[in-house]
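The block underneath contains the structure these notes are about, expressed in C-alpha coordinates.
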Amino acid sequence: MINQDFTEYPEHRVGLYRLLRAINAQCFPALLTLPPPQFKLLFDSIIWGMKHTFRDIADVGLMILYEMVDNFAKSDPSVANAFFQQYFTALLQDLFFVLTDTDHKSGLSEFICAGSF
(Lines give C-alpha, C1' and ligand atoms only; values in the text may rest on other atoms or scores of the structure.)
Protein backbone atom coordinates (compact mmCIF):
# COMPACT_ATOMS: atom_id res chain seq x y z
CA MET A 1 0.00 0.00 0.00
CA ILE A 2 2.74 2.53 0.86
CA ASN A 3 5.67 0.95 -0.93
CA GLN A 4 4.69 2.14 -4.42
CA ASP A 5 5.53 5.84 -4.06
CA PHE A 6 6.41 8.47 -1.47
CA THR A 7 3.23 10.53 -1.57
CA GLU A 8 0.15 8.38 -1.02
CA TYR A 9 -1.23 7.75 2.49
CA PRO A 10 1.02 10.17 4.41
CA GLU A 11 -0.87 9.53 7.67
CA HIS A 12 -0.13 5.81 7.39
CA ARG A 13 3.53 6.52 6.78
CA VAL A 14 3.83 8.76 9.82
CA GLY A 15 2.09 6.11 11.91
CA LEU A 16 4.40 3.38 10.60
CA TYR A 17 7.52 5.33 11.49
CA ARG A 18 6.19 6.24 14.92
CA LEU A 19 5.53 2.53 15.49
CA LEU A 20 9.07 1.65 14.36
CA ARG A 21 10.48 4.27 16.71
CA ALA A 22 8.48 2.88 19.64
CA ILE A 23 9.59 -0.67 18.85
CA ASN A 24 13.22 0.43 18.67
CA ALA A 25 12.92 2.33 21.95
CA GLN A 26 10.91 -0.21 23.94
CA CYS A 27 11.74 -3.59 22.35
CA PHE A 28 15.31 -3.26 21.08
CA PRO A 29 16.37 -6.71 22.38
CA ALA A 30 13.58 -8.24 20.27
CA LEU A 31 15.04 -6.59 17.16
CA LEU A 32 18.26 -8.49 17.81
CA THR A 33 16.39 -11.77 17.42
CA LEU A 34 15.07 -10.96 13.94
CA PRO A 35 16.46 -13.11 11.11
CA PRO A 36 18.91 -11.15 8.92
CA PRO A 37 16.49 -10.63 5.97
CA GLN A 38 13.80 -9.19 8.26
CA PHE A 39 16.30 -6.97 10.10
CA LYS A 40 17.61 -5.69 6.77
CA LEU A 41 14.04 -4.85 5.74
CA LEU A 42 13.58 -2.95 9.00
CA PHE A 43 16.88 -1.12 8.54
CA ASP A 44 16.06 -0.28 4.90
CA SER A 45 12.66 1.03 6.00
CA ILE A 46 14.36 3.38 8.45
CA ILE A 47 16.73 4.57 5.72
CA TRP A 48 13.79 5.13 3.35
CA GLY A 49 12.10 7.16 6.07
CA MET A 50 15.19 9.30 6.55
CA LYS A 51 15.27 10.00 2.80
CA HIS A 52 11.57 10.83 2.62
CA THR A 53 10.56 14.19 1.15
CA PHE A 54 7.91 14.82 3.84
CA ARG A 55 9.67 16.54 6.70
CA ASP A 56 7.73 14.75 9.47
CA ILE A 57 8.64 11.33 8.12
CA ALA A 58 12.26 12.25 7.42
CA ASP A 59 12.68 13.61 10.95
CA VAL A 60 11.19 10.49 12.56
CA GLY A 61 13.31 8.26 10.29
CA LEU A 62 16.42 10.15 11.30
CA MET A 63 15.57 9.89 14.99
CA ILE A 64 14.97 6.15 14.68
CA LEU A 65 18.33 5.76 12.97
CA TYR A 66 20.10 7.81 15.61
CA GLU A 67 18.46 5.90 18.45
CA MET A 68 19.12 2.53 16.81
CA VAL A 69 22.81 3.31 16.33
CA ASP A 70 22.95 4.48 19.94
CA ASN A 71 21.26 1.25 21.09
CA PHE A 72 23.79 -0.83 19.20
CA ALA A 73 26.69 1.22 20.54
CA LYS A 74 25.45 0.49 24.09
CA SER A 75 24.85 -3.20 23.44
CA ASP A 76 27.20 -6.17 23.78
CA PRO A 77 30.42 -5.48 21.80
CA SER A 78 30.02 -8.60 19.66
CA VAL A 79 26.50 -7.54 18.66
CA ALA A 80 27.60 -3.95 18.02
CA ASN A 81 30.57 -5.08 15.93
CA ALA A 82 28.41 -7.36 13.81
CA PHE A 83 25.91 -4.54 13.17
CA PHE A 84 28.54 -1.95 12.30
CA GLN A 85 30.47 -4.33 10.06
CA GLN A 86 27.30 -5.10 8.15
CA TYR A 87 25.64 -1.68 7.94
CA PHE A 88 28.07 1.15 8.74
CA THR A 89 29.30 1.86 5.20
CA ALA A 90 25.80 1.86 3.74
CA LEU A 91 24.59 4.02 6.61
CA LEU A 92 27.29 6.62 5.94
CA GLN A 93 26.51 6.61 2.22
CA ASP A 94 22.84 7.23 2.92
CA LEU A 95 23.61 9.98 5.44
CA PHE A 96 25.83 11.71 2.88
CA PHE A 97 23.09 11.33 0.26
CA VAL A 98 20.65 13.12 2.55
CA LEU A 99 23.20 15.75 3.54
CA THR A 100 23.83 16.64 -0.10
CA ASP A 101 20.21 16.42 -1.26
CA THR A 102 18.64 19.86 -1.67
CA ASP A 103 15.22 18.54 -0.61
CA HIS A 104 16.53 17.89 2.91
CA LYS A 105 18.30 21.17 3.68
CA SER A 106 15.71 22.22 6.26
CA GLY A 107 16.69 19.31 8.50
CA LEU A 108 20.42 19.72 8.01
CA SER A 109 21.27 20.26 11.68
CA GLU A 110 19.53 17.03 12.71
CA PHE A 111 21.41 15.09 10.05
CA ILE A 112 24.73 16.50 11.21
CA CYS A 113 23.85 15.51 14.78
CA ALA A 114 23.04 11.96 13.64
CA GLY A 115 26.37 11.78 11.84
CA SER A 116 28.21 12.40 15.09
CA PHE A 117 27.78 8.85 16.35
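Each chain in the C-alpha coordinates gets a letter, A, B and so on, in the order shown; residues start at 1 in every chain, and ligands are counted from 1 in the order they appear.
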
Q) So which residues touch range 78-95 of chain A within 10 Å, counting only C-alpha atoms, skipping near sequence neighbours fewer than 4 positions away, as a PyMOL selection string? A) chain A and resi 32+40+43-44+47-48+50-51+62+65+69-74+99-101+111-112+114-115

**Q.** Counting only C-alpha atoms, the residue of A:Glu67, A:Glu11, A:Phe96, A:Asp59 that sits nearest Asn24 in chain A
**A.**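 Using only C-alpha atoms, the shortest distance to Asn24 in chain A belongs to A:Glu67.
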
Q.
Report as a list in words all protein, DNA and RNA residues lying within 10 Å of Arg18 in chain A, evaluated on only C-alpha atoms, omitting residues in the same chain fewer than 3 positions from it.
A.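 Everything that qualifies: His12, Arg13, Val14, Gly15, Arg21, Ala22, Ile23, Asn24, Ile57, Val60, Gly61 and Ile64 of chain A.
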
Q: Can you work out the spacing between CA of Ile46 in chain A and CA of Val98 in chain A in Å, to one decimal?
A: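 Answer for the CA of Ile46 in chain A to CA of Val98 in chain A separation: 13.0 Å.
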
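Excluding Leu42 in chain A and any residue on its chain fewer than 6 positions from it, the residues at most 10 Å away by only C-alpha atoms are A:Leu20, A:Leu31, A:Leu34, A:Pro36, A:Trp48.
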
Q. Looking at A:Asp76, A:Thr33, A:Leu16, A:Phe97, which one is nearest to Gly49 in chain A, with distances taken over only C-alpha atoms?
A. A:Leu16

**Q.** Interatomic distance, CA of Met63 in chain A to CA of Pro77 in chain A (Å, one decimal)
**A.** 22.4 Å

Q.
I'd like to know which residues of range 11-60 of chain A are alpha helix (DSSP H) (by DSSP, run on the backbone); could you write them as a VMD selection string?
A. chain A and resid 11 to 26 28 to 31 36 to 50 55 to 60
